[in-house]
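Next up, query00.pdb (PDB, C-alpha atoms):
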ATOM      1  CA  MET D  11       0.000   0.000   0.000
ATOM      2  CA  SER D  12       2.864   2.405   0.741
ATOM      3  CA  SER D  13       3.932   2.199  -2.898
ATOM      4  CA  ILE D  14       0.426   3.292  -3.907
ATOM      5  CA  TYR D  15       0.749   6.508  -1.946
ATOM      6  CA  ARG D  16       4.128   7.261  -3.483
ATOM      7  CA  THR D  17       2.814   6.548  -6.980
ATOM      8  CA  LEU D  18      -0.205   8.855  -6.876
ATOM      9  CA  SER D  19      -0.004  12.652  -6.747
ATOM     10  CA  GLY D  20      -1.411  14.497  -3.741
ATOM     11  CA  GLY D  21      -4.154  16.048  -5.875
ATOM     12  CA  THR D  22      -5.358  12.656  -7.112
ATOM     13  CA  LEU D  23      -5.342  11.227  -3.579
ATOM     14  CA  ARG D  24      -7.369  14.188  -2.351
ATOM     15  CA  ASP D  25      -9.897  13.777  -5.176
ATOM     16  CA  ILE D  26     -10.212  10.070  -4.397
ATOM     17  CA  ALA D  27     -10.731  10.843  -0.695
ATOM     18  CA  LEU D  28     -13.471  13.353  -1.585
ATOM     19  CA  ALA D  29     -15.166  10.815  -3.861
ATOM     20  CA  CYS D  30     -15.077   8.242  -1.047
ATOM     21  CA  LEU D  31     -16.523  10.798   1.374
ATOM     22  CA  ALA D  32     -19.403  11.448  -1.040
ATOM     23  CA  VAL D  33     -19.949   7.684  -1.328
ATOM     24  CA  TRP D  34     -19.965   7.446   2.478
ATOM     25  CA  PHE D  35     -22.639  10.125   2.666
ATOM     26  CA  ILE D  36     -24.837   8.559  -0.016
ATOM     27  CA  GLY D  37     -24.390   5.291   1.924
ATOM     28  CA  LEU D  38     -25.637   7.069   5.033
ATOM     29  CA  SER D  39     -28.836   8.153   3.284
ATOM     30  CA  TYR D  40     -29.158   4.703   1.687
ATOM     31  CA  GLY D  41     -29.033   2.913   5.070
ATOM     32  CA  ALA D  42     -31.471   5.352   6.656
ATOM     33  CA  ILE D  43     -33.901   5.078   3.726
ATOM     34  CA  ALA D  44     -33.727   1.262   3.641
ATOM     35  CA  VAL D  45     -34.627   1.013   7.328
ATOM     36  CA  ALA D  46     -37.297   3.712   7.003
ATOM     37  CA  SER D  47     -38.824   1.683   4.131
ATOM     38  CA  GLY D  48     -39.268  -1.261   6.517
ATOM     39  CA  PHE D  49     -36.145  -3.381   5.882
ATOM     40  CA  PRO D  50     -34.106  -4.820   8.772
ATOM     41  CA  LEU D  51     -30.547  -3.527   9.238
ATOM     42  CA  TRP D  52     -28.928  -6.591   7.641
ATOM     43  CA  VAL D  53     -30.473  -5.799   4.234
ATOM     44  CA  PRO D  54     -28.566  -2.557   3.533
ATOM     45  CA  ALA D  55     -25.516  -4.028   5.334
ATOM     46  CA  ALA D  56     -25.436  -7.192   3.189
ATOM     47  CA  GLN D  57     -26.333  -5.417  -0.061
ATOM     48  CA  SER D  58     -23.712  -2.719   0.411
ATOM     49  CA  VAL D  59     -20.964  -5.372   0.670
ATOM     50  CA  LEU D  60     -22.281  -7.981  -1.801
ATOM     51  CA  VAL D  61     -23.721  -5.760  -4.544
ATOM     52  CA  LEU D  62     -21.533  -2.689  -3.938
ATOM     53  CA  ALA D  63     -23.326  -0.627  -6.597
ATOM     54  CA  GLY D  64     -25.389   2.198  -5.117
ATOM     55  CA  ALA D  65     -27.942   3.014  -7.801
ATOM     56  CA  SER D  66     -28.983  -0.625  -8.267
ATOM     57  CA  GLU D  67     -29.347  -1.110  -4.506
ATOM     58  CA  PHE D  68     -31.626   1.934  -4.305
ATOM     59  CA  LEU D  69     -33.604   0.562  -7.257
ATOM     60  CA  PHE D  70     -33.884  -2.866  -5.618
ATOM     61  CA  ILE D  71     -35.141  -1.671  -2.230
ATOM     62  CA  GLY D  72     -37.355   0.965  -3.875
ATOM     63  CA  ILE D  73     -39.190  -1.621  -5.974
ATOM     64  CA  VAL D  74     -39.427  -4.238  -3.201
ATOM     65  CA  ALA D  75     -40.585  -1.658  -0.626
ATOM     66  CA  ALA D  76     -43.395  -0.649  -3.007
ATOM     67  CA  GLY D  77     -44.527  -4.309  -3.011
ATOM     68  CA  GLY D  78     -42.745  -5.398  -6.196
ATOM     69  CA  ASN D  79     -41.408  -8.861  -6.930
ATOM     70  CA  PRO D  80     -37.757  -9.171  -5.715
ATOM     71  CA  LEU D  81     -36.764 -10.938  -8.940
ATOM     72  CA  ALA D  82     -38.206  -8.093 -11.054
ATOM     73  CA  ALA D  83     -36.310  -5.696  -8.768
ATOM     74  CA  ALA D  84     -33.110  -7.719  -9.301
ATOM     75  CA  ALA D  85     -33.652  -7.638 -13.087
ATOM     76  CA  ALA D  86     -33.992  -3.840 -12.996
ATOM     77  CA  GLY D  87     -30.873  -3.608 -10.801
ATOM     78  CA  LEU D  88     -28.911  -5.818 -13.196
ATOM     79  CA  LEU D  89     -29.855  -3.624 -16.155
ATOM     80  CA  VAL D  90     -28.453  -0.644 -14.274
ATOM     81  CA  ASN D  91     -25.293  -2.620 -13.441
ATOM     82  CA  ALA D  92     -24.728  -3.915 -16.974
ATOM     83  CA  ARG D  93     -22.499  -0.858 -17.506
ATOM     84  CA  HIS D  94     -19.770  -2.657 -15.548
ATOM     85  CA  LEU D  95     -19.204  -4.953 -18.537
ATOM     86  CA  PRO D  96     -18.013  -2.143 -20.852
ATOM     87  CA  TYR D  97     -16.098  -0.672 -17.878
ATOM     88  CA  GLY D  98     -14.085  -3.875 -17.639
ATOM     89  CA  LEU D  99     -13.507  -3.847 -21.391
ATOM     90  CA  ALA D 100     -12.246  -0.265 -21.201
ATOM     91  CA  LEU D 101      -9.708  -0.934 -18.423
ATOM     92  CA  PRO D 102      -6.187  -1.733 -19.650
ATOM     93  CA  ASP D 103      -4.842  -5.228 -18.952
ATOM     94  CA  GLY D 104      -3.181  -5.599 -15.587
ATOM     95  CA  VAL D 105      -5.289  -3.103 -13.640
ATOM     96  CA  THR D 106      -7.434  -5.686 -11.837
ATOM     97  CA  GLY D 107      -5.013  -8.649 -11.785
ATOM     98  CA  PRO D 108      -2.633 -10.418 -11.662
ATOM     99  CA  GLY D 109      -3.433 -13.655  -9.908
ATOM    100  CA  PRO D 110      -6.845 -15.191  -9.140
ATOM    101  CA  THR D 111      -7.357 -13.527  -5.722
ATOM    102  CA  ARG D 112      -6.531 -10.040  -6.937
ATOM    103  CA  ARG D 113      -8.581 -10.601 -10.059
ATOM    104  CA  LEU D 114     -11.658 -11.560  -7.990
ATOM    105  CA  LEU D 115     -11.305  -8.658  -5.540
ATOM    106  CA  GLY D 116     -10.228  -6.353  -8.356
ATOM    107  CA  SER D 117     -13.428  -7.164 -10.243
ATOM    108  CA  HIS D 118     -15.584  -6.607  -7.182
ATOM    109  CA  VAL D 119     -14.175  -3.108  -6.490
ATOM    110  CA  MET D 120     -14.974  -2.006 -10.063
ATOM    111  CA  ASN D 121     -17.362   0.962  -9.858
ATOM    112  CA  ASP D 122     -18.038   4.319 -11.528
ATOM    113  CA  GLU D 123     -15.504   6.127  -9.357
ATOM    114  CA  SER D 124     -12.606   3.628  -9.479
ATOM    115  CA  VAL D 125     -12.885   3.297 -13.282
ATOM    116  CA  VAL D 126     -13.000   7.072 -13.819
ATOM    117  CA  PHE D 127      -9.921   7.638 -11.642
ATOM    118  CA  ALA D 128      -8.033   4.786 -13.281
ATOM    119  CA  LEU D 129      -8.732   5.969 -16.828
ATOM    120  CA  ALA D 130      -7.652   9.523 -15.927
ATOM    121  CA  GLN D 131      -4.110   8.410 -15.008
ATOM    122  CA  GLU D 132      -1.303   8.390 -17.567
ATOM    123  CA  ASP D 133       0.562   5.106 -17.101
ATOM    124  CA  LEU D 134      -0.247   1.604 -15.914
ATOM    125  CA  PRO D 135       1.302   1.807 -12.394
ATOM    126  CA  ARG D 136      -0.686   4.965 -11.689
ATOM    127  CA  LYS D 137      -3.845   3.579 -13.240
ATOM    128  CA  ARG D 138      -3.537   0.505 -11.056
ATOM    129  CA  ALA D 139      -2.788   2.566  -7.911
ATOM    130  CA  ALA D 140      -5.747   4.920  -8.500
ATOM    131  CA  TYR D 141      -8.082   2.029  -9.287
ATOM    132  CA  TRP D 142      -7.240   0.056  -6.152
ATOM    133  CA  THR D 143      -7.113   3.052  -3.786
ATOM    134  CA  CYS D 144     -10.507   4.290  -4.935
ATOM    135  CA  GLY D 145     -12.034   0.809  -5.230
ATOM    136  CA  LEU D 146     -10.971  -0.266  -1.745
ATOM    137  CA  GLY D 147     -11.958   3.152  -0.356
ATOM    138  CA  VAL D 148     -15.471   2.702  -1.745
ATOM    139  CA  LEU D 149     -15.552  -0.894  -0.454
ATOM    140  CA  LEU D 150     -14.969   0.535   3.054
ATOM    141  CA  CYS D 151     -16.992   3.775   2.864
ATOM    142  CA  TRP D 152     -20.179   2.498   1.201
ATOM    143  CA  PRO D 153     -20.965  -0.264   3.754
ATOM    144  CA  ALA D 154     -19.747   1.903   6.673
ATOM    145  CA  GLY D 155     -22.119   4.687   5.617
ATOM    146  CA  ALA D 156     -24.990   2.256   4.995
ATOM    147  CA  VAL D 157     -24.703   0.627   8.442
ATOM    148  CA  LEU D 158     -24.402   3.954  10.274
ATOM    149  CA  GLY D 159     -27.346   5.320   8.280
ATOM    150  CA  ALA D 160     -29.416   2.231   9.117
ATOM    151  CA  LEU D 161     -28.612   2.677  12.817
ATOM    152  CA  ILE D 162     -29.650   6.345  12.682
ATOM    153  CA  GLY D 163     -32.745   5.472  10.633
ATOM    154  CA  SER D 164     -33.903   2.838  13.105
ATOM    155  CA  VAL D 165     -33.983   5.484  15.878
ATOM    156  CA  ILE D 166     -36.362   7.747  13.926
ATOM    157  CA  ARG D 167     -39.935   6.530  14.373
ATOM    158  CA  ASN D 168     -42.122   8.898  12.375
ATOM    159  CA  THR D 169     -40.327   8.987   9.018
ATOM    160  CA  SER D 170     -43.046  10.815   7.110
ATOM    161  CA  ALA D 171     -43.094  13.778   9.554
ATOM    162  CA  PHE D 172     -39.379  14.323   8.804
ATOM    163  CA  GLY D 173     -39.945  14.056   5.049
ATOM    164  CA  LEU D 174     -37.599  11.046   4.777
ATOM    165  CA  ASP D 175     -39.742   9.586   1.962
ATOM    166  CA  ALA D 176     -38.715  12.585  -0.184
ATOM    167  CA  MET D 177     -35.019  11.805   0.371
ATOM    168  CA  PHE D 178     -35.092   8.640  -1.730
ATOM    169  CA  PRO D 179     -36.252  10.161  -5.042
ATOM    170  CA  ALA D 180     -34.103  13.242  -4.332
ATOM    171  CA  VAL D 181     -30.975  11.079  -3.951
ATOM    172  CA  ILE D 182     -31.615   9.251  -7.244
ATOM    173  CA  LEU D 183     -32.426  12.523  -9.003
ATOM    174  CA  ALA D 184     -29.171  14.085  -7.732
ATOM    175  CA  LEU D 185     -27.268  11.041  -9.042
ATOM    176  CA  ILE D 186     -28.707  11.285 -12.574
ATOM    177  CA  VAL D 187     -28.672  15.103 -12.928
ATOM    178  CA  PRO D 188     -25.208  15.104 -14.613
ATOM    179  CA  ALA D 189     -26.572  12.692 -17.260
ATOM    180  CA  LEU D 190     -29.746  14.775 -17.658
ATOM    181  CA  ARG D 191     -27.703  17.741 -18.926
ATOM    182  CA  ASP D 192     -27.518  15.822 -22.215
ATOM    183  CA  ARG D 193     -30.649  16.790 -24.181
ATOM    184  CA  ARG D 194     -31.288  13.341 -25.701
ATOM    185  CA  LEU D 195     -30.826  11.574 -22.391
ATOM    186  CA  ARG D 196     -33.152  14.080 -20.774
ATOM    187  CA  ARG D 197     -35.840  13.379 -23.343
ATOM    188  CA  ALA D 198     -35.512   9.606 -23.000
ATOM    189  CA  ALA D 199     -35.629   9.966 -19.197
ATOM    190  CA  ALA D 200     -38.750  12.154 -19.366
ATOM    191  CA  ILE D 201     -40.544   9.732 -21.677
ATOM    192  CA  GLY D 202     -39.529   6.794 -19.454
ATOM    193  CA  ALA D 203     -40.791   8.598 -16.355
ATOM    194  CA  ALA D 204     -44.103   9.368 -18.100
ATOM    195  CA  ILE D 205     -44.533   5.712 -19.164
ATOM    196  CA  ALA D 206     -43.831   4.502 -15.602
ATOM    197  CA  LEU D 207     -46.309   6.988 -14.115
ATOM    198  CA  ALA D 208     -49.016   6.108 -16.627
ATOM    199  CA  ALA D 209     -48.547   2.386 -15.903
ATOM    200  CA  THR D 210     -48.419   2.642 -12.097
ATOM    201  CA  PRO D 211     -52.208   2.507 -11.490
ATOM    202  CA  PHE D 212     -52.523  -0.689 -13.550
ATOM    203  CA  LEU D 213     -49.363  -2.769 -13.090
ATOM    204  CA  PRO D 214     -47.845  -4.449 -10.013
ATOM    205  CA  ALA D 215     -44.966  -2.507  -8.413
ATOM    206  CA  GLY D 216     -41.629  -2.920 -10.177
ATOM    207  CA  LEU D 217     -43.029  -3.446 -13.663
ATOM    208  CA  PRO D 218     -43.696   0.243 -14.471
ATOM    209  CA  GLU D 219     -39.937   0.967 -14.166
ATOM    210  CA  LEU D 220     -39.110  -1.906 -16.546
ATOM    211  CA  LEU D 221     -41.847  -0.799 -18.968
ATOM    212  CA  ALA D 222     -40.162   2.636 -18.988
ATOM    213  CA  LEU D 223     -37.364   1.037 -21.032
ATOM    214  CA  LEU D 224     -39.701   1.432 -24.050
ATOM    215  CA  ALA D 225     -38.315   4.977 -24.036
ATOM    216  CA  LEU D 226     -35.110   3.495 -25.491
ATOM    217  CA  LEU D 227     -36.974   3.129 -28.802
ATOM    218  CA  THR D 228     -36.943   6.924 -29.158
ATOM    219  CA  THR D 229     -33.139   6.978 -29.041
ATOM    220  CA  ILE D 230     -32.895   4.255 -31.697
ATOM    221  CA  LYS D 231     -35.155   6.283 -33.989
ATOM    222  CA  ASP D 232     -32.805   9.252 -33.465
ATOM    223  CA  ARG D 233     -29.952   7.347 -35.031
ATOM    224  CA  LYS D 234     -31.924   6.393 -38.121
ATOM    225  CA  THR D 235     -32.995   9.930 -38.867
ATOM    226  CA  THR D 236     -29.747  11.730 -38.034
TER     227      THR D 236
ATOM    228  CA  MET Y  21     -40.144  -8.805   2.435
ATOM    229  CA  LYS Y  22     -43.426 -10.750   2.391
ATOM    230  CA  ASP Y  23     -41.632 -13.873   1.182
ATOM    231  CA  PRO Y  24     -38.111 -14.142   2.718
ATOM    232  CA  THR Y  25     -36.985 -16.883   0.301
ATOM    233  CA  LEU Y  26     -38.014 -14.874  -2.738
ATOM    234  CA  PHE Y  27     -36.342 -11.791  -1.256
ATOM    235  CA  ALA Y  28     -33.095 -13.706  -0.674
ATOM    236  CA  ALA Y  29     -33.296 -15.038  -4.245
ATOM    237  CA  GLY Y  30     -33.599 -11.486  -5.543
ATOM    238  CA  LEU Y  31     -30.662 -10.305  -3.439
ATOM    239  CA  VAL Y  32     -28.442 -13.214  -4.527
ATOM    240  CA  THR Y  33     -29.428 -12.711  -8.198
ATOM    241  CA  LEU Y  34     -28.504  -9.033  -8.049
ATOM    242  CA  SER Y  35     -25.202  -9.708  -6.222
ATOM    243  CA  ALA Y  36     -24.075 -12.617  -8.397
ATOM    244  CA  GLY Y  37     -25.188 -10.989 -11.652
ATOM    245  CA  THR Y  38     -23.424  -7.731 -10.820
ATOM    246  CA  PHE Y  39     -20.218  -9.611 -10.026
ATOM    247  CA  ALA Y  40     -20.516 -11.512 -13.304
ATOM    248  CA  PHE Y  41     -20.701  -8.215 -15.258
ATOM    249  CA  ARG Y  42     -17.639  -6.924 -13.391
ATOM    250  CA  PHE Y  43     -15.647 -10.117 -13.876
ATOM    251  CA  ALA Y  44     -16.520 -10.626 -17.541
ATOM    252  CA  GLY Y  45     -15.073  -7.341 -18.858
ATOM    253  CA  PRO Y  46     -11.361  -7.915 -18.109
ATOM    254  CA  VAL Y  47     -11.676 -11.590 -19.135
ATOM    255  CA  LEU Y  48     -13.387 -10.882 -22.473
ATOM    256  CA  ARG Y  49     -11.181  -7.897 -23.257
ATOM    257  CA  GLN Y  50      -8.767  -9.805 -25.488
ATOM    258  CA  ARG Y  51     -11.530 -11.614 -27.346
ATOM    259  CA  ILE Y  52     -14.347  -9.183 -28.181
ATOM    260  CA  ALA Y  53     -14.836  -5.522 -28.966
ATOM    261  CA  PHE Y  54     -17.910  -3.977 -27.369
ATOM    262  CA  PRO Y  55     -19.579  -1.653 -29.897
ATOM    263  CA  PRO Y  56     -19.758   1.962 -28.623
ATOM    264  CA  ARG Y  57     -23.407   2.027 -29.696
ATOM    265  CA  ALA Y  58     -24.268  -0.835 -27.290
ATOM    266  CA  GLU Y  59     -22.360   0.940 -24.521
ATOM    267  CA  ARG Y  60     -24.358   4.089 -25.171
ATOM    268  CA  LEU Y  61     -27.616   2.106 -25.106
ATOM    269  CA  LEU Y  62     -26.714   0.675 -21.678
ATOM    270  CA  GLU Y  63     -26.032   4.180 -20.374
ATOM    271  CA  VAL Y  64     -29.392   5.430 -21.627
ATOM    272  CA  ALA Y  65     -31.153   2.358 -20.177
ATOM    273  CA  ALA Y  66     -29.661   3.023 -16.730
ATOM    274  CA  VAL Y  67     -30.735   6.677 -16.779
ATOM    275  CA  VAL Y  68     -34.246   5.783 -18.011
ATOM    276  CA  LEU Y  69     -34.712   3.173 -15.261
ATOM    277  CA  LEU Y  70     -33.537   5.556 -12.564
ATOM    278  CA  ALA Y  71     -35.644   8.443 -13.896
ATOM    279  CA  ALA Y  72     -38.685   6.129 -13.865
ATOM    280  CA  LEU Y  73     -37.866   5.258 -10.256
ATOM    281  CA  VAL Y  74     -37.653   8.960  -9.351
ATOM    282  CA  ALA Y  75     -41.089   9.490 -10.927
ATOM    283  CA  THR Y  76     -42.796   6.531  -9.250
ATOM    284  CA  THR Y  77     -41.246   6.969  -5.791
ATOM    285  CA  GLY Y  78     -41.598  10.755  -5.940
ATOM    286  CA  LEU Y  79     -45.202  10.937  -7.072
ATOM    287  CA  THR Y  80     -46.996   7.701  -6.231
ATOM    288  CA  LYS Y  81     -47.866   5.605  -3.226
ATOM    289  CA  GLY Y  82     -49.319   2.170  -3.932
ATOM    290  CA  HIS Y  83     -51.324   2.631  -7.132
ATOM    291  CA  GLY Y  84     -52.284   6.260  -6.472
ATOM    292  CA  PHE Y  85     -51.001   9.803  -6.021
ATOM    293  CA  ALA Y  86     -48.713  10.370  -3.008
ATOM    294  CA  GLY Y  87     -49.952  13.897  -2.220
ATOM    295  CA  PHE Y  88     -48.212  17.229  -2.844
ATOM    296  CA  ALA Y  89     -45.700  17.461  -0.005
ATOM    297  CA  ARG Y  90     -43.330  14.732  -1.276
ATOM    298  CA  PRO Y  91     -43.142  15.783  -4.964
ATOM    299  CA  ALA Y  92     -42.631  19.405  -3.866
ATOM    300  CA  GLY Y  93     -39.634  18.363  -1.762
ATOM    301  CA  VAL Y  94     -38.202  16.245  -4.592
ATOM    302  CA  LEU Y  95     -38.686  19.130  -7.047
ATOM    303  CA  VAL Y  96     -36.763  21.526  -4.774
ATOM    304  CA  GLY Y  97     -34.005  18.915  -4.427
ATOM    305  CA  GLY Y  98     -33.901  18.483  -8.222
ATOM    306  CA  VAL Y  99     -33.615  22.232  -8.873
ATOM    307  CA  LEU Y 100     -30.789  22.477  -6.314
ATOM    308  CA  ALA Y 101     -28.990  19.498  -7.895
ATOM    309  CA  TRP Y 102     -29.350  21.098 -11.344
ATOM    310  CA  ARG Y 103     -27.737  24.248  -9.920
ATOM    311  CA  LYS Y 104     -24.869  22.084  -8.674
ATOM    312  CA  ALA Y 105     -25.644  22.411  -4.976
ATOM    313  CA  PRO Y 106     -23.733  19.924  -2.769
ATOM    314  CA  PHE Y 107     -25.326  16.495  -2.389
ATOM    315  CA  LEU Y 108     -25.939  17.038   1.337
ATOM    316  CA  VAL Y 109     -27.865  20.270   0.650
ATOM    317  CA  VAL Y 110     -29.990  18.600  -2.055
ATOM    318  CA  VAL Y 111     -31.069  15.682   0.120
ATOM    319  CA  LEU Y 112     -31.692  17.685   3.307
ATOM    320  CA  ALA Y 113     -33.615  20.387   1.412
ATOM    321  CA  ALA Y 114     -35.911  17.777  -0.139
ATOM    322  CA  ALA Y 115     -36.686  16.263   3.272
ATOM    323  CA  ALA Y 116     -37.055  19.687   4.938
ATOM    324  CA  VAL Y 117     -39.489  21.070   2.323
ATOM    325  CA  THR Y 118     -41.644  17.943   2.573
ATOM    326  CA  ALA Y 119     -41.563  18.017   6.390
ATOM    327  CA  VAL Y 120     -42.501  21.708   6.569
ATOM    328  CA  LEU Y 121     -45.348  21.298   4.056
ATOM    329  CA  ARG Y 122     -46.745  18.393   6.125
ATOM    330  CA  LEU Y 123     -46.415  20.485   9.278
ATOM    331  CA  LEU Y 124     -48.557  23.119   7.528
ATOM    332  CA  GLY Y 125     -51.177  20.485   6.742
ATOM    333  CA  VAL Y 126     -50.374  19.828   3.064
ATOM    334  CA  PRO Y 127     -51.033  16.092   2.345
TER     335      PRO Y 127
END

Can you give me the file's structure in the form of structure tokens?
Amino acid sequence: MSSIYRTLSGGTLRDIALACLAVWFIGLSYGAIAVASGFPLWVPAAQSVLVLAGASEFLFIGIVAAGGNPLAAAAAGLLVNARHLPYGLALPDGVTGPGPTRRLLGSHVMNDESVVFALAQEDLPRKRAAYWTCGLGVLLCWPAGAVLGALIGSVIRNTSAFGLDAMFPAVILALIVPALRDRRLRRAAAIGAAIALAATPFLPAGLPELLALLALLTTIKDRKTT
Amino acid sequence: MKDPTLFAAGLVTLSAGTFAFRFAGPVLRQRIAFPPRAERLLEVAAVVLLAALVATTGLTKGHGFAGFARPAGVLVGGVLAWRKAPFLVVVLAAAAVTAVLRLLGVP
């Protein structure tokens, strides 16, 4: 580990620390929201370690808490996590490995932050150092935040008086706002949201979000005409 | 959580499937080239799913409308996020607006 700190510049280390702090805080709200939605503490604790992918965990508990089928919720979560496949293809050889143990752990700590920091570095030793520092940092901060948040959340009895039910959609919205600055993405997101809302009165929980994927057809049409 | 076995199955599916996506990339790297168009489609799919979740959790409860207090809080949070307010401010503002509206008797 000491070689990692010598390899990375102070600015990069600071940026990684800030990213991990943000992850810790989102974890805090995730744990609190999970418990406020009626899940026992072990659910956010186990998910934060085993899944280790924030948006999909929010999606999973959101759909199940609304009464949706857990397998439909898992399918939605997996669609969100499918982006990790191209992430792994984009990483240069030797960042996650070598050796079976490092390859397994190195795959598990692959996330938005660790990939971004790795790709931003110039050479392989720095890419590897940034990837592992950020990946392991997130592996510590995300579950730590989730468990602390769940502990805090289980103390609060009247969640609706504190407006905690508004935190969940606000967290997800804050996470996708950078993507929504793209006009096409914004339009697809708006159409998807409208489809989900229109379907909610008629379909069991969890399916309206999956039906929203019909909005992808609008982006395919874009490519044919432009 | 009505059916613990089904819930556990969902959790294991999500965990194992996510790991499989993470593990497959570095392994397949030498063998296949992922078309940028497919990558873009995955990105759009993720945003669409999450936007749909924002809409349903922000506006509905069960099969009906959730009342005005919650969407108002989410809207304030969204505007703050758009204006690049810190994450902490966005989330606390959303909860605070909803809490205050409920205190004033807004459903």

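Evaluated against this file, the PyMOL selection byres ((chain D and resi 194) around 12) yields Ala189, Leu190, Arg191, Asp192, Arg193, Leu195, Arg196, Arg197, Ala198, Ala199, Ala200, Ile201, Ala225, Leu226, Thr228, Thr229, Ile230, Lys231, Asp232 and Arg233 of chain D; Arg60, Leu61, Glu63, Val64, Val67 and Val68 of chain Y.
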
Apply the PyMOL selection byres ((chain Y and resi 97-109) around 12) to the file shown and report the selected residues as an mmCIF file with C-alpha atoms, in the frame of the given file.
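Final output, saved to expr_0.cif:
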data_model
loop_
_atom_site.group_PDB
_atom_site.id
_atom_site.type_symbol
_atom_site.label_atom_id
_atom_site.label_comp_id
_atom_site.auth_asym_id
_atom_site.auth_seq_id
_atom_site.Cartn_x
_atom_site.Cartn_y
_atom_site.Cartn_z
ATOM 1 C CA ALA D 29 -15.166 10.815 -3.861
ATOM 2 C CA LEU D 31 -16.523 10.798 1.374
ATOM 3 C CA ALA D 32 -19.403 11.448 -1.040
ATOM 4 C CA VAL D 33 -19.949 7.684 -1.328
ATOM 5 C CA TRP D 34 -19.965 7.446 2.478
ATOM 6 C CA PHE D 35 -22.639 10.125 2.666
ATOM 7 C CA ILE D 36 -24.837 8.559 -0.016
ATOM 8 C CA GLY D 37 -24.390 5.291 1.924
ATOM 9 C CA LEU D 38 -25.637 7.069 5.033
ATOM 10 C CA SER D 39 -28.836 8.153 3.284
ATOM 11 C CA ALA D 176 -38.715 12.585 -0.184
ATOM 12 C CA MET D 177 -35.019 11.805 0.371
ATOM 13 C CA PHE D 178 -35.092 8.640 -1.730
ATOM 14 C CA PRO D 179 -36.252 10.161 -5.042
ATOM 15 C CA ALA D 180 -34.103 13.242 -4.332
ATOM 16 C CA VAL D 181 -30.975 11.079 -3.951
ATOM 17 C CA ILE D 182 -31.615 9.251 -7.244
ATOM 18 C CA LEU D 183 -32.426 12.523 -9.003
ATOM 19 C CA ALA D 184 -29.171 14.085 -7.732
ATOM 20 C CA LEU D 185 -27.268 11.041 -9.042
ATOM 21 C CA ILE D 186 -28.707 11.285 -12.574
ATOM 22 C CA VAL D 187 -28.672 15.103 -12.928
ATOM 23 C CA PRO D 188 -25.208 15.104 -14.613
ATOM 24 C CA ALA D 189 -26.572 12.692 -17.260
ATOM 25 C CA LEU D 190 -29.746 14.775 -17.658
ATOM 26 C CA ARG D 191 -27.703 17.741 -18.926
ATOM 27 C CA ALA Y 71 -35.644 8.443 -13.896
ATOM 28 C CA VAL Y 74 -37.653 8.960 -9.351
ATOM 29 C CA ALA Y 75 -41.089 9.490 -10.927
ATOM 30 C CA GLY Y 78 -41.598 10.755 -5.940
ATOM 31 C CA ARG Y 90 -43.330 14.732 -1.276
ATOM 32 C CA PRO Y 91 -43.142 15.783 -4.964
ATOM 33 C CA ALA Y 92 -42.631 19.405 -3.866
ATOM 34 C CA GLY Y 93 -39.634 18.363 -1.762
ATOM 35 C CA VAL Y 94 -38.202 16.245 -4.592
ATOM 36 C CA LEU Y 95 -38.686 19.130 -7.047
ATOM 37 C CA VAL Y 96 -36.763 21.526 -4.774
ATOM 38 C CA VAL Y 110 -29.990 18.600 -2.055
ATOM 39 C CA VAL Y 111 -31.069 15.682 0.120
ATOM 40 C CA LEU Y 112 -31.692 17.685 3.307
ATOM 41 C CA ALA Y 113 -33.615 20.387 1.412
ATOM 42 C CA ALA Y 114 -35.911 17.777 -0.139
ATOM 43 C CA ALA Y 115 -36.686 16.263 3.272
ATOM 44 C CA ALA Y 116 -37.055 19.687 4.938
ATOM 45 C CA VAL Y 117 -39.489 21.070 2.323
ATOM 46 C CA THR Y 118 -41.644 17.943 2.573
#

Residues matched by the PyMOL selection byres ((chain D and resi 74) around 12) as a PyMOL selection string | (chain D and resi 44+47-49+53+67-73+75-87+214-217) or (chain Y and resi 21-24+26-28+30-31+73+77+82)

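Proximity ranking of D:Trp142, D:Trp152, D:Trp52, D:Phe212 relative to chain Y places D:Phe212 first, based on all atoms listed in the file.
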
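Closest approach to chain Y among D:Leu95, D:Ala154, D:Val165, D:Val59: D:Leu95, based on only C-alpha atoms.
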
Kindly add N, CA and C atoms to the incomplete stretch 98-104 of chain Y and provide the output as a PDB file, keeping the file's coordinate frame.
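Result file rebuild_8.pdb:
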ATOM      1  N   GLY Y  98     -34.326  18.574  -6.830  1.00  0.00           N
ATOM      2  CA  GLY Y  98     -33.901  18.483  -8.222  1.00  0.00           C
ATOM      3  C   GLY Y  98     -33.366  19.807  -8.757  1.00  0.00           C
ATOM      4  N   VAL Y  99     -34.064  20.905  -8.429  1.00  0.00           N
ATOM      5  CA  VAL Y  99     -33.615  22.232  -8.873  1.00  0.00           C
ATOM      6  C   VAL Y  99     -32.248  22.544  -8.269  1.00  0.00           C
ATOM      7  N   LEU Y 100     -32.080  22.236  -6.974  1.00  0.00           N
ATOM      8  CA  LEU Y 100     -30.789  22.477  -6.314  1.00  0.00           C
ATOM      9  C   LEU Y 100     -29.681  21.642  -6.951  1.00  0.00           C
ATOM     10  N   ALA Y 101     -29.992  20.370  -7.275  1.00  0.00           N
ATOM     11  CA  ALA Y 101     -28.990  19.498  -7.895  1.00  0.00           C
ATOM     12  C   ALA Y 101     -28.603  20.034  -9.266  1.00  0.00           C
ATOM     13  N   TRP Y 102     -29.603  20.518 -10.026  1.00  0.00           N
ATOM     14  CA  TRP Y 102     -29.350  21.098 -11.344  1.00  0.00           C
ATOM     15  C   TRP Y 102     -28.426  22.308 -11.224  1.00  0.00           C
ATOM     16  N   ARG Y 103     -28.594  23.076 -10.136  1.00  0.00           N
ATOM     17  CA  ARG Y 103     -27.737  24.248  -9.920  1.00  0.00           C
ATOM     18  C   ARG Y 103     -26.436  23.883  -9.215  1.00  0.00           C
ATOM     19  N   LYS Y 104     -26.136  22.598  -9.190  1.00  0.00           N
ATOM     20  CA  LYS Y 104     -24.869  22.084  -8.674  1.00  0.00           C
ATOM     21  C   LYS Y 104     -24.668  22.342  -7.184  1.00  0.00           C
TER      22      LYS Y 104
END
